[in-house]
$ cat protein.cif   # mmCIF, C-alpha atoms
data_entry
loop_
_atom_site.label_atom_id
_atom_site.label_comp_id
_atom_site.auth_asym_id
_atom_site.auth_seq_id
_atom_site.Cartn_x
_atom_site.Cartn_y
_atom_site.Cartn_z
CA MET W 1 0.00 0.00 0.00
CA TYR W 2 2.83 2.39 0.79
CA SER W 3 5.53 2.04 -1.83
CA ILE W 4 9.21 2.66 -1.19
CA GLU W 5 9.77 6.19 -2.47
CA PRO W 6 11.82 9.12 -1.19
CA ALA W 7 8.90 10.73 0.62
CA PHE W 8 8.18 7.44 2.40
CA ILE W 9 11.79 7.06 3.49
CA LEU W 10 11.87 10.65 4.70
CA TYR W 11 8.66 10.15 6.70
CA SER W 12 9.99 6.87 8.09
CA ILE W 13 13.18 8.49 9.33
CA THR W 14 11.24 11.42 10.77
CA PHE W 15 8.73 9.28 12.65
CA VAL W 16 11.27 6.78 13.93
CA ILE W 17 13.48 9.61 15.19
CA ALA W 18 10.49 11.47 16.66
CA THR W 19 9.41 8.30 18.48
CA ILE W 20 12.90 7.63 19.84
CA VAL W 21 13.50 11.25 20.83
CA SER W 22 10.22 11.59 22.69
CA TYR W 23 10.87 8.27 24.41
CA GLN W 24 14.34 9.44 25.46
CA LEU W 25 13.01 12.78 26.68
CA PHE W 26 10.31 11.10 28.75
CA ALA W 27 12.92 8.65 30.06
CA LYS W 28 15.09 11.62 31.15
CA VAL W 29 12.12 13.31 32.80
CA GLN W 30 11.29 10.09 34.61
CA SER W 31 14.80 9.54 35.93
CA LYS W 32 15.01 13.21 37.03
CA LEU W 33 11.72 13.12 38.90
CA SER W 34 12.05 9.41 39.74
CA LEU W 35 8.30 8.90 39.54
CA ILE W 36 7.70 5.37 38.38
CA TRP W 37 4.25 6.02 36.91
CA LEU W 38 5.73 8.51 34.44
CA ASN W 39 6.45 5.52 32.22
CA PRO W 40 8.23 6.75 29.09
CA MET W 41 6.56 4.15 26.91
CA LEU W 42 3.04 5.04 27.96
CA LEU W 43 3.71 8.77 27.67
CA THR W 44 5.27 8.32 24.23
CA ILE W 45 2.28 6.28 23.05
CA LEU W 46 -0.14 8.95 24.30
CA LEU W 47 1.87 11.80 22.79
CA ILE W 48 2.18 10.12 19.40
CA ALA W 49 -1.45 8.98 19.39
CA ALA W 50 -2.53 12.57 20.09
CA PHE W 51 -0.16 13.91 17.45
CA ILE W 52 -1.18 11.60 14.60
CA ILE W 53 -4.86 12.16 15.38
CA SER W 54 -4.28 15.93 15.26
CA ILE W 55 -2.63 15.72 11.82
CA ASP W 56 -5.28 13.26 10.54
CA MET W 57 -2.83 10.44 9.99
CA SER W 58 -4.09 6.87 10.26
CA PHE W 59 -2.51 4.35 12.59
CA GLU W 60 -1.71 2.13 9.58
CA GLU W 61 0.30 4.95 8.02
CA TYR W 62 2.22 5.66 11.24
CA PHE W 63 2.85 1.95 11.71
CA SER W 64 4.19 1.60 8.16
CA TYR W 65 6.66 4.42 8.86
CA THR W 66 7.85 2.92 12.14
CA ILE W 67 7.89 -0.71 11.03
CA ALA W 68 11.67 -0.74 11.60
CA LEU W 69 11.16 0.05 15.28
CA ASN W 70 8.55 -2.66 15.58
CA GLY W 71 11.02 -5.02 13.89
CA LEU W 72 13.36 -4.52 16.85
CA LEU W 73 10.93 -6.48 19.04
CA GLU W 74 12.48 -9.71 17.94
CA PRO W 75 16.13 -8.80 18.65
CA ALA W 76 14.91 -7.30 21.93
CA VAL W 77 13.52 -10.68 22.98
CA VAL W 78 16.76 -12.36 21.91
CA ALA W 79 18.80 -9.88 23.98
CA LEU W 80 17.04 -11.13 27.09
CA GLY W 81 19.13 -14.28 26.69
CA TYR W 82 22.01 -12.42 28.34
CA PRO W 83 20.58 -11.98 31.86
CA LEU W 84 19.31 -15.55 31.54
CA TYR W 85 22.84 -16.75 30.70
CA GLN W 86 24.26 -14.88 33.69
CA HIS W 87 22.10 -16.76 36.12
CA LEU W 88 21.95 -20.12 34.40
CA HIS W 89 24.01 -21.86 37.05
CA SER W 90 21.97 -20.54 39.97
CA ILE W 91 18.72 -21.39 38.21
CA ARG W 92 19.79 -24.88 37.15
CA HIS W 93 18.77 -26.69 40.36
CA GLN W 94 15.44 -24.86 40.59
CA TRP W 95 14.13 -25.29 37.09
CA LYS W 96 11.61 -28.02 37.98
CA VAL W 97 9.94 -25.92 40.67
CA ILE W 98 9.99 -22.86 38.42
CA THR W 99 8.47 -24.69 35.44
CA LEU W 100 5.75 -26.27 37.56
CA LEU W 101 4.85 -22.97 39.20
CA LEU W 102 4.73 -21.06 35.92
CA ALA W 103 2.68 -23.80 34.26
CA LEU W 104 0.15 -23.58 37.10
CA GLY W 105 0.21 -19.81 36.65
CA VAL W 106 -0.67 -20.15 32.96
CA PHE W 107 -3.46 -22.61 33.77
CA LEU W 108 -4.76 -20.09 36.30
CA VAL W 109 -4.51 -16.84 34.38
CA ILE W 110 -5.89 -17.94 30.99
CA PRO W 111 -9.22 -19.27 32.37
CA VAL W 112 -9.57 -16.32 34.76
CA SER W 113 -9.04 -13.75 31.99
CA LEU W 114 -11.13 -15.58 29.42
CA ILE W 115 -14.12 -16.28 31.66
CA LEU W 116 -14.05 -12.82 33.22
CA THR W 117 -14.02 -11.24 29.75
CA MET W 118 -16.83 -13.45 28.47
CA VAL W 119 -18.94 -12.55 31.52
CA LEU W 120 -18.26 -8.82 31.33
CA ILE W 121 -17.82 -8.10 27.63
CA VAL W 122 -19.07 -11.21 25.77
CA LEU W 123 -16.80 -10.69 22.75
CA PRO W 124 -14.81 -13.87 21.99
CA ASP W 125 -12.00 -12.09 20.10
CA ILE W 126 -11.43 -9.73 23.04
CA ALA W 127 -11.49 -12.70 25.41
CA VAL W 128 -8.73 -14.38 23.37
CA SER W 129 -6.70 -11.17 23.35
CA LEU W 130 -7.02 -10.61 27.08
CA SER W 131 -6.09 -14.18 27.97
CA LEU W 132 -2.84 -13.83 26.00
CA LYS W 133 -1.79 -10.54 27.54
CA SER W 134 0.77 -11.86 30.05
CA VAL W 135 3.29 -13.05 27.47
CA THR W 136 5.88 -11.13 25.51
CA THR W 137 4.52 -9.16 22.52
CA PRO W 138 5.78 -11.21 19.52
CA ILE W 139 4.44 -14.41 21.08
CA GLY W 140 1.16 -12.87 22.24
CA LEU W 141 0.56 -11.45 18.77
CA SER W 142 1.27 -14.65 16.86
CA LEU W 143 -0.95 -16.66 19.22
CA THR W 144 -3.69 -14.04 18.85
CA GLU W 145 -3.64 -14.48 15.09
CA ALA W 146 -3.76 -18.26 15.38
CA LEU W 147 -6.71 -18.14 17.82
CA ASN W 148 -8.71 -15.38 16.07
CA GLY W 149 -8.20 -12.68 18.64
CA ASN W 150 -7.85 -8.96 18.02
CA ASN W 151 -4.23 -7.92 17.41
CA SER W 152 -4.45 -4.28 18.47
CA ILE W 153 -6.27 -5.18 21.66
CA THR W 154 -3.68 -7.85 22.43
CA ALA W 155 -0.89 -5.33 21.83
CA PHE W 156 -2.48 -2.81 24.14
CA ALA W 157 -3.48 -5.37 26.76
CA ILE W 158 0.11 -6.64 26.79
CA ILE W 159 1.35 -3.10 27.35
CA LEU W 160 -1.18 -2.53 30.12
CA ALA W 161 -0.30 -5.81 31.83
CA GLY W 162 3.34 -4.80 31.49
CA LEU W 163 2.68 -1.35 32.90
CA PHE W 164 0.72 -2.65 35.88
CA GLY W 165 3.62 -4.94 36.73
CA ALA W 166 6.25 -2.29 36.01
CA LEU W 167 4.53 0.41 38.06
CA LEU W 168 2.79 -1.51 40.83
CA GLY W 169 4.46 -4.92 40.76
CA ILE W 170 7.27 -4.28 43.23
CA PRO W 171 5.16 -2.20 45.69
CA TRP W 172 2.44 -4.87 45.58
CA LEU W 173 4.86 -7.78 46.03
CA LYS W 174 6.52 -5.98 48.95
CA PHE W 175 3.09 -5.32 50.44
CA ILE W 176 2.24 -9.04 50.38
CA LYS W 177 5.70 -9.76 51.87
CA VAL W 178 7.29 -11.17 48.73
CA THR W 179 10.71 -9.59 49.25
CA SER W 180 13.08 -12.02 47.55
CA PRO W 181 14.47 -10.59 44.28
CA LYS W 182 14.15 -14.05 42.73
CA ALA W 183 10.45 -14.35 43.56
CA GLN W 184 9.82 -10.75 42.50
CA GLY W 185 11.61 -11.33 39.19
CA LEU W 186 9.76 -14.57 38.51
CA ALA W 187 6.35 -13.08 39.33
CA ILE W 188 6.85 -9.94 37.27
CA GLY W 189 8.30 -11.84 34.32
CA ALA W 190 5.26 -14.15 34.34
CA ALA W 191 2.63 -11.42 34.67
CA SER W 192 4.29 -8.44 32.98
CA HIS W 193 6.76 -9.97 30.49
CA ALA W 194 9.57 -7.87 28.98
CA LEU W 195 8.13 -4.51 29.94
CA GLY W 196 7.92 -5.34 33.62
CA THR W 197 11.26 -7.13 33.49
CA ALA W 198 12.99 -4.24 31.71
CA THR W 199 11.77 -1.91 34.44
CA ILE W 200 12.78 -4.08 37.39
CA SER W 201 16.09 -4.97 35.72
CA LYS W 202 17.31 -1.62 36.97
CA ILE W 203 16.93 -2.82 40.58
CA SER W 204 19.25 -5.81 40.37
CA TYR W 205 20.56 -8.31 37.88
CA GLU W 206 18.85 -11.08 39.79
CA HIS W 207 15.53 -9.42 39.02
CA ALA W 208 16.53 -9.32 35.35
CA ALA W 209 17.65 -12.95 35.28
CA TYR W 210 14.59 -14.43 36.97
CA GLY W 211 12.36 -12.04 35.05
CA SER W 212 13.73 -13.14 31.70
CA LEU W 213 13.69 -16.79 32.70
CA SER W 214 10.05 -16.37 33.64
CA ILE W 215 9.23 -14.65 30.33
CA ILE W 216 10.70 -17.52 28.34
CA ILE W 217 9.18 -20.37 30.31
CA SER W 218 5.76 -18.69 30.58
CA ALA W 219 5.81 -17.90 26.86
CA VAL W 220 6.76 -21.45 25.93
CA ILE W 221 4.06 -22.92 28.17
CA THR W 222 1.45 -20.43 26.90
CA ALA W 223 2.38 -21.17 23.27
CA ILE W 224 1.98 -24.90 23.84
CA VAL W 225 -1.09 -24.75 26.08
CA SER W 226 -3.27 -21.93 24.74
CA PRO W 227 -4.13 -23.44 21.30
CA LEU W 228 -5.73 -26.33 23.24
CA LEU W 229 -6.91 -24.60 26.40
CA ILE W 230 -8.67 -21.60 24.84
CA PRO W 231 -10.94 -23.57 22.44
CA PHE W 232 -11.59 -26.01 25.29
CA LEU W 233 -12.72 -23.18 27.57
CA PHE W 234 -14.95 -21.74 24.85
CA ASN W 235 -16.62 -25.13 24.43
CA LEU W 236 -17.03 -25.57 28.14
CA PHE W 237 -18.51 -22.23 29.12
CA ILE W 238 -20.14 -20.72 26.08
CA MET L 1 32.05 0.87 19.12
CA LYS L 2 33.72 -2.40 18.09
CA ASN L 3 31.86 -4.19 20.86
CA ALA L 4 28.58 -2.65 19.78
CA ILE L 5 29.06 -3.97 16.23
CA TYR L 6 30.06 -7.35 17.64
CA THR L 7 26.86 -7.40 19.72
CA VAL L 8 24.65 -6.44 16.78
CA ILE L 9 26.16 -9.23 14.66
CA ALA L 10 25.82 -11.75 17.51
CA ILE L 11 22.15 -10.83 18.00
CA ALA L 12 21.51 -10.89 14.25
CA ILE L 13 22.98 -14.41 14.01
CA CYS L 14 20.76 -15.58 16.87
CA VAL L 15 17.67 -13.98 15.29
CA LEU L 16 18.47 -15.86 12.05
CA LEU L 17 19.13 -19.13 13.90
CA GLY L 18 15.81 -18.66 15.66
CA LYS L 19 14.05 -18.17 12.33
CA LEU L 20 15.70 -21.29 10.91
CA ILE L 21 14.70 -23.40 13.90
CA ALA L 22 11.18 -21.98 13.90
CA HIS L 23 10.95 -22.78 10.19
CA ALA L 24 12.11 -26.35 10.80
CA ILE L 25 10.19 -27.17 13.99
CA GLY L 26 7.44 -24.55 14.19
CA THR L 27 5.34 -24.47 17.39
CA LEU L 28 7.00 -21.46 19.01
CA PRO L 29 7.73 -17.95 17.75
CA SER L 30 11.23 -17.61 16.29
CA SER L 31 12.36 -14.98 18.80
CA LEU L 32 12.09 -17.57 21.58
CA TYR L 33 14.39 -19.98 19.76
CA GLY L 34 16.70 -17.03 19.12
CA LEU L 35 16.78 -16.23 22.82
CA VAL L 36 17.66 -19.82 23.70
CA CYS L 37 20.40 -19.83 21.01
CA PHE L 38 21.84 -16.61 22.43
CA THR L 39 21.92 -18.06 25.94
CA LEU L 40 23.55 -21.30 24.79
CA LEU L 41 26.15 -19.58 22.58
CA LEU L 42 27.09 -17.36 25.53
CA ASN L 43 27.20 -20.36 27.81
CA PHE L 44 29.60 -22.25 25.53
CA ASN L 45 31.65 -19.08 25.01
CA VAL L 46 31.00 -19.00 21.26
CA ILE L 47 29.83 -15.44 21.88
CA SER L 48 32.00 -13.51 24.33
CA PRO L 49 29.93 -12.30 27.31
CA GLN L 50 32.47 -9.55 28.09
CA LYS L 51 32.15 -7.99 24.65
CA ILE L 52 28.36 -7.85 24.60
CA ASN L 53 27.80 -6.78 28.22
CA ASP L 54 27.58 -2.98 27.84
CA THR L 55 25.57 -2.93 24.63
CA ILE L 56 23.05 -5.49 25.88
CA GLU L 57 22.58 -3.68 29.19
CA TRP L 58 21.92 -0.47 27.27
CA ALA L 59 19.52 -2.26 24.91
CA ILE L 60 17.56 -3.86 27.73
CA SER L 61 17.08 -0.57 29.55
CA ASN L 62 15.79 1.08 26.33
CA MET L 63 13.74 -1.68 24.77
CA GLY L 64 10.42 -0.11 25.77
CA VAL L 65 10.58 2.12 22.71
CA CYS L 66 10.03 -0.93 20.46
CA PHE L 67 6.54 -1.40 21.90
CA VAL L 68 5.40 2.11 21.03
CA PRO L 69 4.22 1.48 17.42
CA SER L 70 1.89 -1.41 18.38
CA GLY L 71 0.60 0.57 21.35
CA VAL L 72 -0.42 3.50 19.17
CA GLY L 73 -2.78 1.05 17.40
CA ILE L 74 -5.21 1.63 20.24
CA ILE L 75 -6.48 4.76 18.39
CA ASN L 76 -8.30 2.40 16.01
CA HIS L 77 -10.46 1.10 18.83
CA PHE L 78 -12.08 4.14 20.40
CA GLU L 79 -15.55 2.65 19.95
CA LEU L 80 -14.57 -0.54 21.75
CA ILE L 81 -12.85 1.45 24.48
CA LYS L 82 -15.87 3.70 24.92
CA ASN L 83 -18.12 0.69 25.40
CA HIS L 84 -15.85 -1.75 27.18
CA GLY L 85 -12.72 0.15 28.21
CA LEU L 86 -13.31 -0.09 31.95
CA ALA L 87 -14.12 -3.79 31.79
CA ILE L 88 -11.00 -4.46 29.69
CA VAL L 89 -8.76 -2.59 32.12
CA PHE L 90 -10.47 -4.36 35.01
CA VAL L 91 -9.86 -7.83 33.53
CA ILE L 92 -6.21 -7.03 32.78
CA PHE L 93 -5.69 -5.53 36.23
CA VAL L 94 -7.31 -8.38 38.17
CA SER L 95 -5.72 -11.23 36.23
CA THR L 96 -2.28 -9.59 36.26
CA PHE L 97 -2.37 -9.23 40.04
CA ILE L 98 -3.67 -12.76 40.53
CA LEU L 99 -0.73 -14.07 38.52
CA LEU L 100 1.79 -11.79 40.26
CA THR L 101 0.54 -12.88 43.66
CA PHE L 102 0.35 -16.58 42.83
CA VAL L 103 3.85 -16.86 41.35
CA GLY L 104 5.47 -14.47 43.84
CA VAL L 105 4.03 -16.01 47.00
CA PHE L 106 4.59 -19.64 46.04
CA PHE L 107 8.10 -19.13 44.69
CA GLN L 108 9.09 -17.22 47.80
CA LYS L 109 7.74 -20.14 49.86
CA THR L 110 9.93 -22.63 48.01
CA LEU L 111 12.91 -20.30 48.55
CA PHE L 112 12.30 -20.01 52.29
CA ASN L 113 12.09 -23.77 52.54
CA LYS L 114 15.70 -24.00 51.42
CA THR L 115 18.01 -22.70 54.10
CA SER L 116 20.70 -22.03 51.52
CA ASP L 117 18.56 -19.40 49.91
CA LYS L 118 17.48 -16.74 52.35
CA PRO L 119 16.23 -13.61 50.65
CA LEU L 120 17.40 -11.52 53.62
CA ASP L 121 20.67 -10.52 51.99
CA ASN L 122 18.75 -8.56 49.43
CA LEU L 123 16.89 -6.12 51.61
CA SER L 124 18.87 -3.23 50.12
CA ASP L 125 16.36 -2.77 47.30
#
$ encode --input "protein.cif" --output "structure tokens"
Amino acid sequence: MYSIEPAFILYSITFVIATIVSYQLFAKVQSKLSLIWLNPMLLTILLIAAFIISIDMSFEEYFSYTIALNGLLEPAVVALGYPLYQHLHSIRHQWKVITLLLALGVFLVIPVSLILTMVLIVLPDIAVSLSLKSVTTPIGLSLTEALNGNNSITAFAIILAGLFGALLGIPWLKFIKVTSPKAQGLAIGAASHALGTATISKISYEHAAYGSLSIIISAVITAIVSPLLIPFLFNLFI
Amino acid sequence: MKNAIYTVIAIAICVLLGKLIAHAIGTLPSSLYGLVCFTLLLNFNVISPQKINDTIEWAISNMGVCFVPSGVGIINHFELIKNHGLAIVFVIFVSTFILLTFVGVFFQKTLFNKTSDKPLDNLSD
């Protein structure tokens, strides 16, 4: 739809730079004020959404200009292999417990999200999207496509789940007396994927390691389980 | 600068490996296979952990910007948000906290059961 021509390239460069610059500015503001809810990603999304609405640009057009940025999702997931590598030896003797716990977590969160959505909203595609919101974006999106969910809603739900974990995860876990960095990392990786993990990675590398471990294992389990579990739940309850 | 280029090439190779494996086996998204490849190559010292350290730490602390384009897609769903926005946020909020609580509490319990692994030495955060 949008061919490769000089104007397109110019717009692409402009929008990618604008997105990065506003993200960096918001990140600076956040670290200056050290207010965790001033999440640079959320603020950038809101700013850009407001801007492209004000100049009458469609989301599809903006997305086509910033496709390069979106393409970085995949290398970003791969990069999380580093904190995982750093804690491989300490994780090695715990992997059975971790896998079991995260599998139970997946079997808990998918039915809860799906049934709650079907009760409150009654739209099956939204229910699929919301039950896949705890995993990392590339995985959540490909599962959404396979299970006839709604891609944009999945993308936004994933961000929201990430934000909740990034902003409130640590205060909440401390409040319920979960103080171990390992448990905090595992919980936030499972519920708030890369976004939550990226945020808590600044606290300690243990957070980053257990967070990324949790992202991978939860994503693998969700990818294996959800194509069976979600249709099964639909048959059972609807 | 050299290390940054080294890191980009290392990541690119793992992304490609991931795509190859995903093409051959399927089931999981290619980025997951790529992540596992990256971990293993680091573990067997095929990729040097020292060389990639700085670049990867920088990348991880800035990766949020990659999520921005998909997030902006929400402007296509104002109607849905108007009708169901609160319910959607509610479902995400509740299920996220259930999962956080479940995994956090139970994993901490298994840690406390092992005397070798007291979380007390990490109270500094």
$ interface_residues --input "protein.cif" --of "chain W" --to "chain L" --cutoff "6 Å" --atoms "all atoms listed in the file" --output "ChimeraX atom specification"
/W:41,45,49,59,63,69-70,73-74,78,81,85,113,139,152,155-156,180,183-184,187,191,198
$ resolve_selection --input "protein.cif" --expression "the PyMOL selection byres ((chain W and resi 42) around 9)" --output "JSON, numbers by chain"
{"W": [38, 39, 40, 41, 43, 44, 45, 46, 47, 159, 160, 163], "L": [68, 71]}
$ resolve_selection --input "protein.cif" --expression "the PyMOL selection byres ((chain W and resi 131) around 8)" --output "list in words"
Val109, Ile110, Pro111, Val112, Ser113, Leu114, Ala127, Val128, Ser129, Leu130, Leu132, Lys133 and Ser134 of chain W
$ closest_residue --input "protein.cif" --among "L:Asn45, L:Ala22, L:Asn113, L:Asp54" --to "Met1 of chain L" --atoms "all atoms listed in the file"
L:Asp54
$ atom_distance --input "protein.cif" --atom1 "atom CA of Lys51 of chain L" --atom2 "atom CA of Ile9 of chain L"
11.7 Å
$ axis_aligned_box --input "protein.cif" --around "segment 20-37 of chain L" --padding-each-side "8 Å" --output "AutoDock Vina command-line options"
--center_x 12.9 --center_y -21.1 --center_z 16.9 --size_x 31.1 --size_y 28.2 --size_z 29.5
